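Q: Structure below; questions to follow.
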Amino acid sequence: MTHAEFHRRSIDDPQGFWGEQAALIDWQTPPAQILDYSNPPFRKWFVGGTTNLCHNAVDRHLAARADQAAIQYLSSETGEARSYTYAELHREVNRCAAVLRHLGVKKGERVVIYMPMVAEAVFCMLACARLGAVHSVVFGGFAAHNLALRIDDAKPCLLICADAGMRGGKPVPYKHLVDAAIKEAKFPPPKVLIVDRGLDADMRLVPGRDEDYWDLRDDFRDAEVPVTWLEANEPSYILYTSGTTGKPKGVQRDVGGYAVALAASMKYIYGAGDGKGAGEAMFTTSDIGWVVGHSYIVYGPLIHGMTTIVYEGLPIKPDAGIWWRIVQEHKVTTMFSSPTAIRVLKKQDPEWLKKYDISSLRYLFIAGEPLDEPTSRWISDGLGVPVIDHYWQTETGWAMLTLLPGIEMKPVRFGSPGFPAYGFNIRVVNELTGADCGPNEKGVLAVVPPLPPGCLTTVWGDDDRFVNSYFGQFKDLLYSSSDWALRDADGYFFILGRTDDVINTAGHRLGTREIEEALQAHPGIAEVAVVGVADELKGQVPIGFCTVKDVSRIADAAGREQMAQECIAKVAELLGAVAKPHRLYFVNSLPKTRSGKLLRRSIQALAEGRETGDLSTLDDPNSLEEIRKAVGR
Ligand code: ATP
Ligand code: MG
């Protein structure tokens, strides 16, 4: 079957298509109805079916592969390395579930998990799923205030944290931030469970509120906690969008649809065999705090019966070969990373890509941000492995645009995340009229509902916000991705940036992404950010910030000027004079969120002399200081 035929079938006959995919997971009671779309844009998949994510990720594999590794945990920060078979994972999850139950966690209750990349974080997620509780993992890089906002929205009965994480060899306190967040929160959880890693000697437990995980785990060493079966549409978790734009939304996910969507994606998208999983390992270099971590560090590979790598550490510590050493050691078959991380590696010696035996690796998947062509070529040439860019959002839970190696591997086209994934009826539409765009015409990427299984079911506690933020832009009921896209004559899609990242210069509308791509075509450029700043004459003009591969080229003013001229000429050549950045600044690093997304709004604010706004997700404050200095604020 071709990609196109597979996709067509999923759109023409969603009930038949997803009814078949439902067999990829275990059901306690099979669904009575595959799709209920009587209340658009809300939809219910697998109505009446009862199942459980923890059962599908853990228990159901015990018969066939109790002794196969389920989790390989390693930290290049602490030097720890631990392996858990499916039997051991089952044991740990039962202990953990017993601890949570003891602390009052029940079906439907929320549990906030604020943890670094440790195996216990995965146990806690699975334990919540086992009990039918709703977890909300908050990324460990968020500051106390953001944690407090999320606590107040989710109103958890329990918060689970570690004493500390480690990043670049330095402890990062978690428990201190939890104390501060709880002080600020209006709905503080009555209980806090602490997984003490022994990294913070000053940590103090609050009597009556704080509990020690290791003590309680001892009390429940042999506990067996039965799975709580949930109706397919009951909530499994809340995950707040990373908040690159505006106030975070609590993306609510279901149980049955999510399990089926992930199981299917492992097979068709990640090409991970036929659901047997043995001998397959997935290494996703994200964090459990992001959707990529939920879907492809935790649930996806485990539902498929694979081994998943849980890695705490940077891609370049102890050296830039660490990832490839992990691939060699654990015979990783599928890898998933982000453009930002690859660009970090690109600044290192390419010899690291050749140092280890990575012959087990079939594909490297990339998502999260636009993958520019030079970076894509660099990594695919360096590794000799197909690099598959795919596009998705926290909201969708799995890929909307992708190639499907498990069905038909279409040729990679650099800069394109491929074609619509089965289940997603995708259109590119005019932002004002909602009319379909022609080939190579830029518009908003939209999805004709019903959204397929796995996508958000609503915004936690706010159905109106779900309808208005995602389905309110067009007069026909269409899901707006808020991203610009185009489809070329062969059907390949290209993402052109977010709809709020547009520069309006002298009546021309330019995507910041297009200008960034053009700058990146200069071989000396490593990373770029382009923003529009107010201009009396033209409305807005683009200005750019770049990092270079070889800093000796910009060591003096003449070098900088030369480099800037070359880059600006490149933009004029590729996009025309109208797109030429009015100014280019060279910096050592660009301000990004901890998930590696450029903080364009903050850069733009500084460039226009405004306040930067919420910086809680900012990774490295120095990078923003550099921008401030560059623009003379
Ligand atoms: P918020 O919605 O709160 O502003 P966010 O959109 O940054 O946060 P995510 O859901 O993690 O949070 O990111 C999804 C967005 O990332 C997409 O809408 C798109 O802009 C970008 N993106 C993801 N994958 C790709 C890709 N392969 N190519 C281009 N852009 C991508
Ligand atoms: Mg978004």
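Ordering of the structure tokens sets the chain letters (A, B, ...), residue numbers begin anew at 1 in every chain, and ligands are numbered from 1 in the order given.
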Give the strand (DSSP E or B) residues of range 175-361 of chain A, as assigned by DSSP on the backbone, as a PyMOL selection string.

A: chain A and resi 191-195+210-212+230-231+237-240+250-253+281-284+307-312+334-337

Q: As a ChimeraX atom specification, please: all residues of range 438-568 of chain A that backbone DSSP puts in helix (DSSP H, G or I).

A: /A:463-471,512-520,551-554,557-568

Q: Once you count only C-alpha atoms, what closest atom pair and distance in Å to one decimal does each residue of range 492-605 of chain A within 12 Å of range 120-140 of chain A have, with rows by chain and rising residue number, as a tab-separated table?

A:
```
residue	atom	partner	partner_atom	distance
A:Thr593	CA	A:Phe139	CA	11.2
A:Arg594	CA	A:Phe139	CA	8.8
A:Ser595	CA	A:Phe139	CA	9.2
```

Q: What does the file look like for those residues with all heavy atoms, as a CSV table (one decimal), in the first residue's frame?

A:
```
chain,number,residue,atom,x,y,z
A,593,THR,N,13.9,28.5,24.9
A,593,THR,CA,13.3,27.9,26.0
A,593,THR,C,14.1,26.6,26.3
A,593,THR,O,14.9,26.2,25.5
A,593,THR,CB,11.8,27.4,25.7
A,593,THR,OG1,11.9,26.5,24.6
A,593,THR,CG2,11.0,28.6,25.2
A,594,ARG,N,13.8,26.0,27.4
A,594,ARG,CA,14.4,24.8,27.8
A,594,ARG,C,14.1,23.7,26.8
A,594,ARG,O,14.8,22.7,26.8
A,594,ARG,CB,14.1,24.4,29.2
A,594,ARG,CG,14.7,25.3,30.3
A,594,ARG,CD,16.2,25.0,30.4
A,594,ARG,NE,16.4,23.7,30.9
A,594,ARG,CZ,16.5,23.4,32.2
A,594,ARG,NH1,16.4,24.3,33.1
A,594,ARG,NH2,16.8,22.2,32.6
A,595,SER,N,13.0,23.8,26.1
A,595,SER,CA,12.7,22.8,25.1
A,595,SER,C,13.4,23.1,23.7
A,595,SER,O,13.1,22.5,22.7
A,595,SER,CB,11.2,22.6,24.9
A,595,SER,OG,10.6,23.8,24.4
```

Q: Compute the set of protein, DNA and RNA residues whose minimum atom distance to ligand 1 is at most 6 Å, using only C-alpha atoms and all ligand atoms, and state it as a list in words.

A: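 Result of the 6 Å neighbour search around ligand 1: Thr241, Ser242, Gly243, Thr244, Thr245, Pro248, Ala367, Gly368, Glu369, Pro370, Leu371, Asp389, His390, Tyr391, Trp392, Gln393, Thr394, Pro417, Asp483, Ile495, Gly497 and Arg498 of chain A.
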
Q: Using only C-alpha atoms, which residues of range 182-210 of chain A come within 12 Å of range 216-239 of chain A, and what is the closest atom pair for each, with the distance in Å to one decimal? Give it as a Markdown table, sorted by chain and residue number.

A:
```
| residue | atom | partner | partner_atom | distance |
| --- | --- | --- | --- | --- |
| A:Leu193 | CA | A:Leu216 | CA | 9.6 |
| A:Ile194 | CA | A:Leu216 | CA | 10.4 |
| A:Val195 | CA | A:Arg217 | CA | 10.3 |
| A:Asp210 | CA | A:Leu216 | CA | 11.6 |
```

Q: Name all residues at most 10 Å from Asp319 in chain A (count only C-alpha atoms; drop same-chain ones fewer than 5 positions away) and give them as a PyMOL selection string.

A: chain A and resi 76+314+348+352

Q: Have a look at CA of Glu527 in chain A and CA of Ser602 in chain A and let me know their distance in Å, one decimal.

A: 16.8 Å

Q: For Ser38 in chain A, which residue out of A:Pro450, A:Leu478, A:Glu88, A:Val428 is the nearest one, using only C-alpha atoms?

A: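 That would be A:Pro450, the residue with the smallest distance to Ser38 in chain A.
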